[in-house]
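Peer 1: Structure: query-v5.cif, mmCIF, C-alpha atoms and all ligand atoms; chains and numbers go by the auth columns.
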data_query
loop_
_atom_site.group_PDB
_atom_site.id
_atom_site.type_symbol
_atom_site.label_atom_id
_atom_site.label_comp_id
_atom_site.label_asym_id
_atom_site.label_seq_id
_atom_site.Cartn_x
_atom_site.Cartn_y
_atom_site.Cartn_z
_atom_site.B_iso_or_equiv
_atom_site.auth_seq_id
_atom_site.auth_asym_id
ATOM 1 C CA MET A 1 113.699 77.509 127.940 0.00 1 B
ATOM 2 C CA LEU A 2 110.906 76.074 125.843 0.00 2 B
ATOM 3 C CA GLN A 3 109.481 79.550 125.455 0.00 3 B
ATOM 4 C CA LYS A 4 112.859 80.865 124.237 0.00 4 B
ATOM 5 C CA LEU A 5 113.146 78.049 121.697 0.00 5 B
ATOM 6 C CA LYS A 6 109.655 78.791 120.429 0.00 6 B
ATOM 7 C CA GLN A 7 110.565 82.451 120.009 0.00 7 B
ATOM 8 C CA LEU A 8 113.744 81.530 118.173 0.00 8 B
ATOM 9 C CA PHE A 9 111.923 79.319 115.681 0.00 9 B
ATOM 10 C CA THR A 10 109.101 81.774 115.233 0.00 10 B
ATOM 11 C CA SER A 11 111.392 84.711 114.523 0.00 11 B
ATOM 12 C CA SER A 12 113.705 82.797 112.161 0.00 12 B
ATOM 13 C CA ALA A 13 110.692 81.516 110.230 0.00 13 B
ATOM 14 C CA ALA A 14 109.508 85.084 109.838 0.00 14 B
ATOM 15 C CA ILE A 15 112.913 86.152 108.528 0.00 15 B
ATOM 16 C CA ASN A 16 112.925 83.360 105.936 0.00 16 B
ATOM 17 C CA GLN A 17 109.477 84.252 104.579 0.00 17 B
ATOM 18 C CA PRO A 18 109.705 85.566 101.011 0.00 18 B
ATOM 19 C CA GLN A 19 108.801 89.235 100.979 0.00 19 B
ATOM 20 C CA ALA A 20 106.424 90.557 98.367 0.00 20 B
ATOM 21 C CA VAL A 21 108.120 93.323 96.409 0.00 21 B
ATOM 22 C CA ASP A 22 105.926 96.341 95.970 0.00 22 B
ATOM 23 C CA LEU A 23 106.569 97.451 92.425 0.00 23 B
ATOM 24 C CA GLY A 24 103.724 99.919 92.364 0.00 24 B
ATOM 25 C CA LEU A 25 101.412 100.244 89.364 0.00 25 B
ATOM 26 C CA VAL A 26 102.117 100.042 85.650 0.00 26 B
ATOM 27 C CA THR A 27 101.992 103.650 84.509 0.00 27 B
ATOM 28 C CA ALA A 28 102.163 105.125 81.020 0.00 28 B
ATOM 29 C CA ASP A 29 103.548 108.160 79.301 0.00 29 B
ATOM 30 C CA ALA A 30 100.636 108.804 76.946 0.00 30 B
ATOM 31 C CA THR A 31 102.762 110.949 74.638 0.00 31 B
ATOM 32 C CA ARG A 32 104.820 107.878 73.718 0.00 32 B
ATOM 33 C CA CYS A 33 101.929 105.467 73.162 0.00 33 B
ATOM 34 C CA ILE A 34 101.149 104.624 69.528 0.00 34 B
ATOM 35 C CA GLN A 35 98.131 102.505 70.546 0.00 35 B
ATOM 36 C CA CYS A 36 99.484 99.345 68.963 0.00 36 B
ATOM 37 C CA GLY A 37 97.878 97.167 71.645 0.00 37 B
ATOM 38 C CA ILE A 38 100.864 94.850 72.073 0.00 38 B
ATOM 39 C CA CYS A 39 100.809 95.452 75.831 0.00 39 B
ATOM 40 C CA GLY A 40 97.249 94.252 76.333 0.00 40 B
ATOM 41 C CA TYR A 41 97.679 91.441 73.809 0.00 41 B
ATOM 42 C CA ASN A 42 100.511 90.036 75.947 0.00 42 B
ATOM 43 C CA CYS A 43 98.860 90.575 79.317 0.00 43 B
ATOM 44 C CA PRO A 44 98.272 87.102 80.801 0.00 44 B
ATOM 45 C CA VAL A 45 95.123 88.219 82.594 0.00 45 B
ATOM 46 C CA GLY A 46 93.636 90.151 79.685 0.00 46 B
ATOM 47 C CA ILE A 47 93.830 93.703 80.977 0.00 47 B
ATOM 48 C CA PRO A 48 93.325 96.264 78.178 0.00 48 B
ATOM 49 C CA VAL A 49 96.555 98.053 79.026 0.00 49 B
ATOM 50 C CA ARG A 50 96.354 100.223 75.913 0.00 50 B
ATOM 51 C CA ASP A 51 93.187 101.876 77.201 0.00 51 B
ATOM 52 C CA TYR A 52 95.072 103.027 80.277 0.00 52 B
ATOM 53 C CA ALA A 53 98.229 103.899 78.337 0.00 53 B
ATOM 54 C CA ARG A 54 96.597 106.154 75.781 0.00 54 B
ATOM 55 C CA GLN A 55 95.100 108.194 78.631 0.00 55 B
ATOM 56 C CA GLY A 56 98.307 108.196 80.656 0.00 56 B
ATOM 57 C CA LEU A 57 96.562 106.451 83.519 0.00 57 B
ATOM 58 C CA PRO A 58 98.047 103.878 85.909 0.00 58 B
ATOM 59 C CA VAL A 59 96.746 100.330 85.476 0.00 59 B
ATOM 60 C CA THR A 60 94.506 100.086 88.518 0.00 60 B
ATOM 61 C CA ASP A 61 92.780 96.846 87.467 0.00 61 B
ATOM 62 C CA ALA A 62 92.768 94.618 90.555 0.00 62 B
ATOM 63 C CA SER A 63 93.520 91.528 88.451 0.00 63 B
ATOM 64 C CA CYS A 64 97.014 92.802 87.565 0.00 64 B
ATOM 65 C CA ILE A 65 99.554 90.252 88.803 0.00 65 B
ATOM 66 C CA THR A 66 102.488 92.699 88.387 0.00 66 B
ATOM 67 C CA CYS A 67 104.255 90.352 85.981 0.00 67 B
ATOM 68 C CA GLY A 68 105.771 93.234 84.007 0.00 68 B
ATOM 69 C CA GLN A 69 105.027 91.614 80.648 0.00 69 B
ATOM 70 C CA CYS A 70 103.325 94.715 79.255 0.00 70 B
ATOM 71 C CA ILE A 71 106.318 96.860 80.185 0.00 71 B
ATOM 72 C CA ALA A 72 108.730 94.367 78.618 0.00 72 B
ATOM 73 C CA VAL A 73 106.953 94.131 75.265 0.00 73 B
ATOM 74 C CA CYS A 74 106.036 97.763 74.636 0.00 74 B
ATOM 75 C CA PRO A 75 108.053 98.833 71.577 0.00 75 B
ATOM 76 C CA ARG A 76 107.981 102.491 72.620 0.00 76 B
ATOM 77 C CA GLY A 77 109.123 102.272 76.227 0.00 77 B
ATOM 78 C CA THR A 78 105.834 103.817 77.225 0.00 78 B
ATOM 79 C CA LEU A 79 105.222 101.835 80.383 0.00 79 B
ATOM 80 C CA ARG A 80 107.022 101.832 83.693 0.00 80 B
ATOM 81 C CA TRP A 81 106.474 100.953 87.344 0.00 81 B
ATOM 82 C CA GLU A 82 105.455 103.816 89.530 0.00 82 B
ATOM 83 C CA LYS A 83 104.712 103.915 93.219 0.00 83 B
ATOM 84 C CA ALA A 84 102.343 106.422 94.690 0.00 84 B
ATOM 85 C CA GLU A 85 104.180 109.207 96.449 0.00 85 B
ATOM 86 C CA PRO A 86 103.861 108.924 100.211 0.00 86 B
ATOM 87 C CA GLU A 87 101.561 111.587 101.544 0.00 87 B
ATOM 88 C CA LEU A 88 103.360 114.373 103.335 0.00 88 B
ATOM 89 C CA THR A 89 102.081 115.233 106.732 0.00 89 B
ATOM 90 C CA ALA A 90 103.173 118.004 109.027 0.00 90 B
ATOM 91 C CA ASP A 91 104.974 115.404 111.164 0.00 91 B
ATOM 92 C CA SER A 92 106.873 113.777 108.261 0.00 92 B
ATOM 93 C CA ARG A 93 108.020 117.198 106.974 0.00 93 B
ATOM 94 C CA LEU A 94 109.305 118.158 110.378 0.00 94 B
ATOM 95 C CA SER A 95 111.265 114.932 110.796 0.00 95 B
ATOM 96 C CA THR A 96 113.307 115.317 107.558 0.00 96 B
HETATM 97 S S1 LIG B . 102.526 98.441 73.684 0.00 101 V
HETATM 98 FE FE1 LIG B . 103.211 100.504 74.304 0.00 101 V
HETATM 99 S S2 LIG B . 102.843 101.807 72.504 0.00 101 V
HETATM 100 FE FE2 LIG B . 101.645 99.902 72.204 0.00 101 V
HETATM 101 S S3 LIG B . 99.593 100.379 73.051 0.00 101 V
HETATM 102 FE FE3 LIG B . 100.789 99.470 74.705 0.00 101 V
HETATM 103 S S4 LIG B . 101.699 101.207 75.801 0.00 101 V
HETATM 104 FE FE4 LIG B . 100.999 101.967 73.794 0.00 101 V
HETATM 105 S S1 LIG B . 101.934 93.840 84.758 0.00 102 V
HETATM 106 FE FE1 LIG B . 101.261 91.878 83.826 0.00 102 V
HETATM 107 S S2 LIG B . 99.202 91.548 84.632 0.00 102 V
HETATM 108 FE FE2 LIG B . 99.689 93.694 85.017 0.00 102 V
HETATM 109 S S3 LIG B . 98.853 94.798 83.264 0.00 102 V
HETATM 110 FE FE3 LIG B . 101.004 94.334 82.780 0.00 102 V
HETATM 111 S S4 LIG B . 100.957 92.379 81.653 0.00 102 V
HETATM 112 FE FE4 LIG B . 98.965 92.621 82.694 0.00 102 V
#
Here is the file; what I need is its structure written in the form of structure tokens.

Peer 2:
Amino acid sequence: MLQKLKQLFTSSAAINQPQAVDLGLVTADATRCIQCGICGYNCPVGIPVRDYARQGLPVTDASCITCGQCIAVCPRGTLRWEKAEPELTADSRLST
């Protein structure tokens, strides 16, 4: 009985844990970037987002807190969230 109660509380606590949402990485369309620097200027952790954007590279800086501020302030709609494509394996292709 006690064991069952423990399980109940443990599993309901796990369900109520907030889940981190995986937004992916901030990624840029370099053809849209006018190198104004507004993105990096508004980044709360000081990442030079423009340097990534002008090269069309994802922001891989480990200090990114995925706040989305750079995406929100870009006047050209250059930035977006992008998740890495899951790698296809022989097994995953066969199962679809
Ligand atoms: S705010 Fe947008 S247009 Fe300006 S540098 Fe950043 S990504 Fe480029
Ligand atoms: S998502 Fe936030 S922390 Fe990450 S690069 Fe953009 S402004 Fe900086």

Peer 1: Please give me, as a list in words, the residues lying within 7 Å of ligand LIG 101 (chain V) when counting all atoms listed in the file.

Peer 2: Ala28, Arg32, Cys33, Ile34, Gln35, Cys36, Gly37, Ile38, Cys39, Gly40, Val49, Arg50, Ala53, Arg54, Cys70, Val73, Cys74, Pro75, Arg76, Gly77, Thr78 and Leu79 of chain B

Peer 1: Which residues, named as in the file, does the PyMOL selection byres (((not hetatm)) within 9 of (chain V and resi 102)) pick out? Answer as a PyMOL selection string.

Peer 2: chain B and resi 25-26+39-49+59-73+79+81

Peer 1: Using the file's own x, y and z axes, so that the box edges lie along x, y and z, what centre and edge lengths in Å (one decimal) does a box around every listed atom of range 24-35 of chain B get when 5 Å is added on each side? Give it as lines of an AutoDock Vina configuration file.

Peer 2:
center_x = 101.5
center_y = 105.4
center_z = 80.9
size_x = 16.7
size_y = 21.0
size_z = 32.8
